[in-house]
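*Asks:* Contents are mmCIF, C-alpha atoms; file name data_22.cif:
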```cif
data_upload
#
loop_
_atom_site.label_atom_id
_atom_site.label_comp_id
_atom_site.auth_asym_id
_atom_site.auth_seq_id
_atom_site.Cartn_x
_atom_site.Cartn_y
_atom_site.Cartn_z
CA MET A 1 -14.56 -4.22 -21.51
CA PRO A 2 -16.67 -1.95 -19.28
CA GLU A 3 -15.12 -0.44 -16.19
CA PRO A 4 -16.79 -1.01 -12.82
CA THR A 5 -18.78 2.06 -11.89
CA THR A 6 -19.03 3.64 -8.47
CA LEU A 7 -22.53 2.22 -8.25
CA SER A 8 -21.20 -1.33 -8.49
CA TYR A 9 -18.69 -0.63 -5.71
CA LEU A 10 -21.49 0.74 -3.54
CA ILE A 11 -23.69 -2.29 -4.19
CA VAL A 12 -20.88 -4.69 -3.29
CA ALA A 13 -20.31 -2.66 -0.12
CA ALA A 14 -24.02 -2.93 0.67
CA LEU A 15 -23.83 -6.72 0.25
CA LEU A 16 -20.87 -6.90 2.61
CA PHE A 17 -22.65 -4.69 5.15
CA VAL A 18 -25.75 -6.88 5.05
CA MET A 19 -23.66 -10.02 5.55
CA GLY A 20 -22.10 -8.41 8.62
CA THR A 21 -25.52 -7.46 9.96
CA VAL A 22 -26.92 -10.96 9.46
CA GLY A 23 -23.84 -12.37 11.17
CA VAL A 24 -24.37 -10.21 14.25
CA MET A 25 -28.01 -11.30 14.37
CA VAL A 26 -27.35 -15.03 13.85
CA ARG A 27 -24.12 -15.87 15.66
CA ARG A 28 -23.96 -16.21 19.45
CA ASN A 29 -20.20 -16.20 19.92
CA PRO A 30 -19.16 -12.65 20.94
CA LEU A 31 -15.83 -13.02 19.12
CA ILE A 32 -17.60 -13.81 15.85
CA MET A 33 -20.01 -10.96 16.46
CA PHE A 34 -17.00 -8.66 16.72
CA MET A 35 -15.67 -9.98 13.42
CA CYS A 36 -19.05 -9.24 11.84
CA ILE A 37 -18.84 -5.67 13.15
CA GLU A 38 -15.47 -5.45 11.40
CA LEU A 39 -17.19 -6.61 8.20
CA MET A 40 -19.69 -3.76 8.50
CA LEU A 41 -16.91 -1.23 9.15
CA ASN A 42 -15.06 -2.47 6.08
CA ALA A 43 -18.18 -2.16 3.94
CA VAL A 44 -18.56 1.46 5.00
CA ASN A 45 -14.85 2.09 4.37
CA LEU A 46 -15.18 0.68 0.88
CA SER A 47 -18.10 2.94 0.05
CA PHE A 48 -16.23 5.95 1.45
CA VAL A 49 -13.22 5.24 -0.78
CA ALA A 50 -15.41 4.60 -3.83
CA LEU A 51 -17.22 7.90 -3.30
CA ALA A 52 -13.92 9.68 -2.68
CA ARG A 53 -12.86 8.68 -6.18
CA GLU A 54 -16.23 9.46 -7.73
CA LEU A 55 -16.38 12.92 -6.16
CA THR A 56 -12.58 13.42 -6.43
CA ASP A 57 -12.52 14.46 -2.80
CA ILE A 58 -9.69 13.34 -0.51
CA ASN A 59 -11.84 13.80 2.62
CA GLY A 60 -13.44 10.40 2.05
CA GLN A 61 -10.05 8.75 2.43
CA SER A 62 -9.26 10.82 5.55
CA ILE A 63 -12.46 9.56 7.17
CA VAL A 64 -11.46 5.97 6.40
CA PHE A 65 -8.15 6.61 8.15
CA PHE A 66 -9.98 7.70 11.31
CA VAL A 67 -12.42 4.77 11.08
CA LEU A 68 -9.42 2.41 11.06
CA VAL A 69 -8.08 3.97 14.26
CA VAL A 70 -11.44 3.85 16.01
CA ALA A 71 -11.95 0.24 14.91
CA ALA A 72 -8.63 -0.71 16.46
CA ALA A 73 -9.55 0.97 19.76
CA GLU A 74 -13.00 -0.66 19.70
CA VAL A 75 -11.55 -4.15 19.18
CA VAL A 76 -9.06 -3.67 22.00
CA VAL A 77 -11.75 -2.65 24.49
CA GLY A 78 -14.20 -5.30 23.34
CA LEU A 79 -11.70 -8.12 23.58
CA GLY A 80 -10.67 -6.84 27.03
CA ILE A 81 -14.29 -7.11 28.16
CA ILE A 82 -14.55 -10.64 26.70
CA VAL A 83 -11.38 -11.71 28.51
CA ALA A 84 -12.69 -10.24 31.77
CA ILE A 85 -16.02 -12.07 31.38
CA MET A 86 -14.39 -15.36 30.41
CA ARG A 87 -12.39 -15.31 33.62
CA ASN A 88 -15.50 -16.23 35.60
CA ARG A 89 -17.18 -18.73 33.30
CA SER A 90 -16.24 -21.44 30.87
CA SER A 91 -18.48 -21.12 27.83
CA LEU A 92 -18.49 -18.20 25.45
CA SER A 93 -21.99 -17.18 24.45
CA ALA A 94 -23.76 -13.89 24.10
CA ASP A 95 -26.47 -15.16 26.44
CA ASP A 96 -24.00 -15.07 29.32
CA MET A 97 -23.62 -11.33 28.97
CA ALA A 98 -27.20 -10.46 29.84
CA GLU A 99 -25.99 -9.37 33.27
CA LEU A 100 -24.08 -6.49 31.70
CA ALA A 101 -27.40 -4.70 31.43
CA GLY A 102 -27.98 -2.80 34.68
CA MET B 131 -8.84 -5.46 -16.85
CA GLU B 132 -10.28 -3.36 -14.07
CA LEU B 133 -13.49 -5.33 -14.31
CA ILE B 134 -11.65 -8.63 -13.77
CA VAL B 135 -9.91 -7.20 -10.69
CA PHE B 136 -13.26 -5.92 -9.44
CA VAL B 137 -14.99 -9.28 -9.86
CA LEU B 138 -12.15 -11.24 -8.28
CA ALA B 139 -11.78 -8.89 -5.31
CA SER B 140 -15.53 -8.83 -4.75
CA ALA B 141 -15.63 -12.63 -4.83
CA MET B 142 -12.78 -12.79 -2.28
CA MET B 143 -14.59 -10.31 -0.07
CA LEU B 144 -17.99 -11.97 -0.18
CA ILE B 145 -16.66 -15.54 0.16
CA GLY B 146 -14.63 -14.40 3.17
CA ALA B 147 -17.66 -12.71 4.70
CA PHE B 148 -19.74 -15.83 4.13
CA GLY B 149 -17.01 -17.83 5.86
CA VAL B 150 -17.05 -15.50 8.86
CA ILE B 151 -20.75 -15.98 9.45
CA THR B 152 -20.90 -19.72 8.74
CA ARG B 153 -17.65 -21.27 9.98
CA ARG B 154 -18.12 -23.14 13.24
CA ASN B 155 -14.54 -22.84 14.43
CA PRO B 156 -13.61 -19.25 15.51
CA VAL B 157 -10.08 -19.69 14.12
CA HIS B 158 -11.48 -20.46 10.67
CA ALA B 159 -13.78 -17.46 10.95
CA ALA B 160 -10.81 -15.22 11.76
CA LEU B 161 -8.92 -16.54 8.74
CA SER B 162 -11.97 -15.93 6.54
CA LEU B 163 -11.96 -12.38 7.88
CA VAL B 164 -8.39 -12.04 6.56
CA LEU B 165 -9.65 -13.03 3.10
CA THR B 166 -12.33 -10.33 3.27
CA LEU B 167 -9.82 -7.72 4.41
CA PHE B 168 -7.46 -8.56 1.55
CA GLY B 169 -10.35 -8.24 -0.90
CA VAL B 170 -11.16 -4.80 0.46
CA ALA B 171 -7.47 -3.85 0.18
CA VAL B 172 -7.48 -4.89 -3.49
CA HIS B 173 -10.52 -2.67 -4.01
CA PHE B 174 -8.64 0.19 -2.35
CA VAL B 175 -5.74 -0.26 -4.79
CA ALA B 176 -8.16 -0.31 -7.72
CA LEU B 177 -9.73 2.90 -6.38
CA GLU B 178 -6.27 4.55 -6.19
CA ALA B 179 -6.20 4.74 -2.38
CA TYR B 180 -2.74 3.21 -2.12
CA PHE B 181 -1.92 4.40 1.37
CA LEU B 182 -5.19 3.09 2.78
CA ALA B 183 -4.62 -0.27 1.10
CA ALA B 184 -1.27 -0.60 2.88
CA VAL B 185 -2.77 0.53 6.19
CA GLN B 186 -5.65 -1.90 5.72
CA ILE B 187 -3.21 -4.81 5.41
CA ILE B 188 -0.95 -3.67 8.25
CA VAL B 189 -3.58 -2.61 10.78
CA TYR B 190 -6.46 -4.96 10.02
CA ALA B 191 -4.84 -8.14 8.77
CA GLY B 192 -1.64 -7.59 10.72
CA ALA B 193 -2.86 -6.29 14.06
CA ILE B 194 -6.59 -6.74 14.57
CA VAL B 195 -6.90 -10.30 13.27
CA VAL B 196 -3.78 -11.34 15.19
CA LEU B 197 -5.39 -9.84 18.30
CA PHE B 198 -8.50 -11.91 17.61
CA LEU B 199 -6.40 -15.05 17.21
CA PHE B 200 -4.51 -14.26 20.41
CA VAL B 201 -7.75 -13.98 22.38
CA ILE B 202 -9.17 -17.15 20.79
CA MET B 203 -6.06 -19.10 21.74
CA LEU B 204 -5.77 -17.46 25.17
CA LEU B 205 -9.33 -18.31 26.11
CA GLY B 206 -9.13 -21.77 24.57
CA VAL B 207 -12.40 -21.36 22.69
CA ASP B 208 -11.00 -22.75 19.43
CA LYS B 209 -13.47 -25.60 19.51
CA ALA B 210 -16.13 -26.09 16.88
CA GLU B 211 -19.36 -24.56 17.99
CA ASP B 212 -22.68 -26.31 17.60
CA LEU B 213 -24.61 -24.40 14.96
CA GLN B 214 -27.33 -26.99 14.49
CA THR B 215 -29.36 -26.14 17.55
CA GLU B 216 -31.21 -22.86 17.43
CA PRO B 217 -31.68 -21.51 20.94
CA LEU B 218 -34.17 -18.84 19.92
CA VAL B 219 -37.05 -20.01 17.78
CA ALA B 220 -37.05 -18.63 14.23
CA GLN B 221 -34.03 -16.40 14.92
CA ARG B 222 -32.30 -17.35 11.68
CA TRP B 223 -35.40 -16.87 9.55
CA LEU B 224 -36.05 -13.46 11.03
CA ALA B 225 -32.39 -12.50 10.63
CA GLY B 226 -32.49 -13.58 6.98
CA ILE B 227 -35.65 -11.62 6.29
CA ALA B 228 -34.26 -8.56 8.06
CA GLY B 229 -31.02 -8.88 6.08
CA LEU B 230 -32.85 -9.12 2.76
CA GLY B 231 -34.97 -6.12 3.69
CA LEU B 232 -31.88 -4.11 4.63
CA LEU B 233 -30.17 -5.11 1.38
CA GLY B 234 -33.18 -4.02 -0.64
CA LEU B 235 -33.31 -0.69 1.17
CA LEU B 236 -29.59 -0.04 0.71
CA VAL B 237 -29.59 -0.95 -2.99
CA ILE B 238 -32.62 1.24 -3.68
CA ALA B 239 -31.11 4.13 -1.72
CA VAL B 240 -27.74 3.80 -3.46
CA SER B 241 -29.15 3.55 -6.96
CA ARG B 242 -31.54 6.45 -6.44
CA GLY B 243 -28.81 8.59 -4.92
CA ALA B 244 -26.32 7.79 -7.68
CA GLU B 245 -27.63 10.49 -9.97
CA MET B 246 -27.12 13.17 -7.36
CA LEU B 247 -23.35 12.71 -7.26
CA THR B 248 -21.54 15.88 -8.24
CA THR B 249 -17.81 16.28 -8.69
CA ARG B 250 -15.91 18.70 -6.50
CA ALA B 251 -13.57 21.13 -8.18
CA GLU B 252 -10.55 20.38 -5.99
CA GLY B 253 -9.63 17.08 -7.55
CA LEU B 254 -7.96 13.93 -6.32
CA ALA B 255 -4.26 13.55 -6.97
CA THR B 256 -3.48 10.44 -8.95
CA SER B 257 -0.13 8.93 -9.72
CA ALA B 258 -0.74 9.68 -13.42
CA GLU B 259 -0.69 13.45 -13.02
CA GLY B 260 1.89 13.74 -10.26
CA ALA B 261 5.52 13.26 -11.15
CA SER B 262 6.09 10.92 -8.22
CA GLY B 263 4.02 7.89 -7.29
CA ASP B 264 3.08 9.17 -3.84
CA ALA B 265 0.69 11.92 -4.84
CA ASN B 266 -2.08 10.12 -2.98
CA ILE B 267 -0.03 9.89 0.21
CA GLN B 268 0.93 13.57 0.05
CA GLN B 269 -2.65 14.66 -0.48
CA LEU B 270 -3.91 12.44 2.34
CA ALA B 271 -1.19 13.74 4.66
CA ARG B 272 -2.13 17.33 3.87
CA SER B 273 -5.75 16.52 4.72
CA VAL B 274 -5.12 14.53 7.91
CA PHE B 275 -2.35 16.70 9.36
CA GLY B 276 -3.80 19.95 8.03
CA ASP B 277 -7.57 20.08 8.03
CA TYR B 278 -8.11 17.35 10.60
CA VAL B 279 -5.11 17.79 12.90
CA VAL B 280 -7.34 18.28 15.98
CA ALA B 281 -9.24 15.08 15.23
CA PHE B 282 -5.92 13.31 14.70
CA GLU B 283 -4.69 14.39 18.14
CA LEU B 284 -8.01 13.30 19.66
CA THR B 285 -7.59 9.81 18.19
CA SER B 286 -4.26 9.54 19.98
CA ILE B 287 -6.05 10.32 23.25
CA LEU B 288 -8.69 7.74 22.31
CA LEU B 289 -6.02 5.08 21.79
CA VAL B 290 -4.35 5.85 25.14
CA VAL B 291 -7.72 5.67 26.92
CA ALA B 292 -8.51 2.36 25.20
CA VAL B 293 -5.16 0.84 26.18
CA VAL B 294 -5.39 1.98 29.81
CA GLY B 295 -9.01 0.84 30.06
CA THR B 296 -8.19 -2.58 28.66
CA VAL B 297 -5.30 -3.05 31.06
CA MET B 298 -7.62 -2.18 33.94
CA LEU B 299 -10.33 -4.55 32.64
CA ALA B 300 -8.10 -7.52 32.00
CA ARG B 301 -6.06 -7.13 35.18
CA ARG B 302 -6.44 -9.86 37.75
CA ARG B 303 -7.88 -8.49 40.98
CA VAL B 304 -5.54 -9.08 43.90
CA PRO B 305 -7.48 -9.73 47.14
CA GLY B 306 -7.04 -7.00 49.72
CA GLU B 307 -6.22 -4.39 47.11
CA ALA B 308 -8.61 -1.54 46.39
#
```
For the file at hand, write its structure as structure tokens.
*Replies:*
Amino acid sequence: MPEPTTLSYLIVAALLFVMGTVGVMVRRNPLIMFMCIELMLNAVNLSFVALARELTDINGQSIVFFVLVVAAAEVVVGLGIIVAIMRNRSSLSADDMAELAG
Amino acid sequence: MELIVFVLASAMMLIGAFGVITRRNPVHAALSLVLTLFGVAVHFVALEAYFLAAVQIIVYAGAIVVLFLFVIMLLGVDKAEDLQTEPLVAQRWLAGIAGLGLLGLLVIAVSRGAEMLTTRAEGLATSAEGASGDANIQQLARSVFGDYVVAFELTSILLVVAVVGTVMLARRRVPGEA
């Protein structure tokens, strides 16, 4: 039985990334848009780890470690902003956040 | 054997991702996200990144998704959202076309770049060659706390800033206070 190559891992990661991108473009709920950003981050993490094995280089896994930390910080700040916005209005839609721009 | 694991984990990942972008209830979307994260963790195990697989489960599935669920419950937005109406005309079609275009670009770029991969001399520690099973963890620790120790300290500052900023953002303003 053939083993999955690095190329197949990268193509699956590309599929996951595209699904995250489409989700950000289609959905209007900011919480779901955040989840789609997590999907994109995970796709990139997967390709980093696959390339780390292909190139036998541990630095790919180190980068994934830092991406995890930054993702956690990003989610905390983003959800804080959503909570602050939701305090003043009832519905949750990306259209309500147009006032964030200047 | 590895191929079966690959196919199953990829199916988990992609079904979960599809659930995230199509489920109408945010709680269901968050649970689909857990499925995707577990699929990615299985891939990490198959790629011999054992430490990252554990961290993926603990940090992503354990902390980030729970944070999402907390906010969903706290704000009371766990109602099904109407996905039938399309506020912007042709938004979905354009998003689908843009997604297909991006997928095509990525696949072409990946398959053309695949032949340029060259192996570094240093080598990745695997459990097969090391006497103990934690060769991967030791090598990762040497990289993170050796080569990237400054970046590691900076991420701790980043986390403190994020926590303080979120507390300031989510705090209720008391009238009369600056």
*Asks:* Residues at most 12 Å from Ile82 of chain A, counting all atoms listed in the file, excluding those fewer than 4 positions away in the same chain, as JSON, numbers by chain?
*Replies:* {"A": [29, 30, 31, 32, 33, 34, 75, 76, 77, 78, 86, 87, 88, 89, 90, 91, 92, 93, 94, 96, 97, 100], "B": [198, 201, 202, 204, 205, 207, 296, 299, 300]}
*Asks:* Output the residue selection produced by the PyMOL selection byres ((chain A and resi 73) around 8) on the file above, formatted as a PyMOL selection string.
*Replies:* (chain A and resi 69-72+74-77) or (chain B and resi 288-289+292-293)
*Asks:* If we count only C-alpha atoms, which residues of chain A reach to within 8 Å of chain B? Please list them as number ranges by chain.
*Replies:* A: 1-4, 7, 10-12, 14-16, 18-23, 25-27, 31-32, 35-36, 39, 42, 46, 49-50, 53-59, 61-62, 64-66, 68-70, 72-77, 79-81, 83-84, 86, 91-92
*Asks:* What is the distance, in Å and to one decimal place, between atom CA of Ala52 of chain A and atom CA of Thr6 of chain A?
*Replies:*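 These two atoms are separated by 9.8 Å.
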*Asks:* Report the distance between atom CA of Val172 of chain B and atom CA of Ile187 of chain B in Å, rounded to one decimal place.
*Replies:*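 If I compute the distance from atom CA of Val172 of chain B to atom CA of Ile187 of chain B, I get 9.9 Å.
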*Asks:* Just how far from atom CA of Ala139 of chain B is atom CA of Gly169 of chain B, in Å to one decimal?
*Replies:*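 Those two atoms sit 4.7 Å apart.
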*Asks:* Let me make sure I understand: among A:Phe17, A:Leu51, A:Met40, A:Asn45, which one has the smallest atom-to-atom distance to Ala183 of chain B if we use all atoms listed in the file?
*Replies:*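 Looking at the shortest contact to Ala183 of chain B, the residue is A:Asn45.
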